[in-house]
Amino acid sequence: MQTDEQYDDLTALFAETDEALQNDVFVKQVMQPIRKRVRWRAPLLFGAGGIGVGAAVSQASGLIDVISARTPTVEVTLQPVDVTLYETIMAQPMWVAAAAMSVLSCAAIIAAERA
Amino acid sequence: MKPDYDLAREAASGQEAAYEVLVRRYQGTVRGLAHRLALNPAEADDVAQAAFFTAWRKIGSFRGGSFKAWLCTIAYREFLQARRKQKPEIEFDESAHIISFDTSAAALGDQLDLERALKTLPENQRICVVLCVASGLSHSEAAAATGFPLGTVKSHVNRGVETLRKRLATHNVA
């Protein structure tokens with residue numbers, strides 16, 4: 001059976017050719033788009049994350065009030081969804097849209113990274 | 001010299017400088033592989049570039065072992081993808097693999113002779129020889145990269161090396 005050692009001479013010849021292919025221009029061509037991507041990736045992720053956090057914080061106080069006001073009712077009996085919670089959220093549709101967009105952006109970026 | 005694994009970990013954490021070291025270290029191997037596999041020399045560097053981009057995207061999935069084998073596997077898959085996009089009329093014709101040597105190449109030295117001899121091998125043999133002999137992958141790494149059974153890889157490499165030696169010898173005598 002053939003072993004790896006039996007073609008070392010040919011491997012060395014190929015390696016010499018490979019050595020001659022070393023080229024800074026090629027490295028530049030590879031690295032330029034990668035650097036661009038790295039430059040955009042962090043601001044994009046942090047931007048999307050920031051929007052999401054902002055949206056969540058802006059909604060938190062209102063939601064806590066609504067939830068704490070409704071909690072005793074929920075403990076006693078299961079009732080149909082109260083429209084107050086829905087109305088509170090829908091009163092600021094821009095924030096809801098921003099939060100949804102940030103979640104979608106993060107999901108898209110993660111999906112692209114893992115593809 | 002920093003080990004490949006450490007550089008790959010740093011690259012995975014977003015340090016492009018670490019990845020650049022890897023690109024410099026393996027550009028010859030990947031470009032050589034692409035040039036030997038690609039039918040059209042102009043597409044070879046595109047395949048090599050695509051391989052490095054894909055490797056950058058997937059660097060987080062590198063779990064150790066031979067980085068070169070991992071990278072060559074990606075390059076081989078990029079070659080297959082590029083070939084699928086090619087028009088059918090320029091696909092490799094295995095029945096036409098015996099190509100006579102251009103005698104004017106005699107003065108261009110052993111390296112060029114070897115590259116030319118390589119192009120005369122049937123495609124699957126050529127793929128196995130390129131991966132194992134030229135790129136230095138083990139038979140099992142080449143089997144994993146190509147999906148060929150290990151015995152097939154060994155047999156292709158044996159026959160390919162034998163043919164290359166015969167042709168080089170004939171050429172050197174002539």
# chains A, B, ... in the order shown; residues from 1 in each chain; ligands from 1

$ closest_atom_pairs --of "chain A" --to "chain B" --cutoff "6 Å" --atoms "only C-alpha atoms" --output "tab-separated table"
residue	atom	partner	partner_atom	distance
A:Thr11	CA	B:Ala134	CA	5.2
A:Phe14	CA	B:Ala134	CA	5.3
A:Asp18	CA	B:Gly28	CA	4.5
A:Glu19	CA	B:Gly28	CA	5.8
A:Leu21	CA	B:Gly28	CA	5.2
A:Gln22	CA	B:Gly28	CA	5.5
A:Val30	CA	B:Gln49	CA	6.0

$ closest_residue --among "A:Ala15, A:Asp24, A:Ile51, A:Arg37" --to "Val103 (chain A)" --atoms "only C-alpha atoms"
A:Ile51

$ atom_distance --atom1 "CA of Ile127 (chain B)" --atom2 "CA of Phe62 (chain B)"
23.2 Å

$ residues_around --residues "Ala142 (chain B)" --least-positions-apart "6" --cutoff "9 Å" --atoms "only C-alpha atoms" --output "VMD selection string"
chain B and resid 69 73 128 131 to 132 148 150 153

$ residues_around --residues "Ala98 (chain A)" --least-positions-apart "4" --cutoff "12 Å" --atoms "only C-alpha atoms" --output "PDB file with C-alpha atoms, in the first residue's frame"
ATOM      1  CA  GLY A  47     -26.628  49.612  16.854  1.00  0.00           C
ATOM      2  CA  ALA A  48     -29.320  46.997  16.474  1.00  0.00           C
ATOM      3  CA  GLY A  49     -28.769  45.855  20.042  1.00  0.00           C
ATOM      4  CA  GLY A  50     -28.932  49.449  21.288  1.00  0.00           C
ATOM      5  CA  ILE A  51     -32.225  50.061  19.513  1.00  0.00           C
ATOM      6  CA  GLY A  52     -33.602  46.871  21.010  1.00  0.00           C
ATOM      7  CA  VAL A  53     -32.480  47.805  24.517  1.00  0.00           C
ATOM      8  CA  GLY A  54     -33.877  51.326  24.089  1.00  0.00           C
ATOM      9  CA  ALA A  55     -37.212  49.966  22.983  1.00  0.00           C
ATOM     10  CA  ALA A  56     -37.311  47.501  25.838  1.00  0.00           C
ATOM     11  CA  SER A  58     -38.980  52.588  27.116  1.00  0.00           C
ATOM     12  CA  GLN A  59     -41.695  49.954  27.372  1.00  0.00           C
ATOM     13  CA  GLN A  92     -46.355  53.419  20.631  1.00  0.00           C
ATOM     14  CA  PRO A  93     -46.180  51.402  17.421  1.00  0.00           C
ATOM     15  CA  MET A  94     -42.862  53.016  16.430  1.00  0.00           C
ATOM     16  CA  SER A 102     -33.699  45.043  15.855  1.00  0.00           C
ATOM     17  CA  VAL A 103     -34.599  41.456  16.684  1.00  0.00           C
ATOM     18  CA  LEU A 104     -34.925  40.625  12.991  1.00  0.00           C
ATOM     19  CA  SER A 105     -31.617  42.374  12.176  1.00  0.00           C
TER      20      SER A 105
END
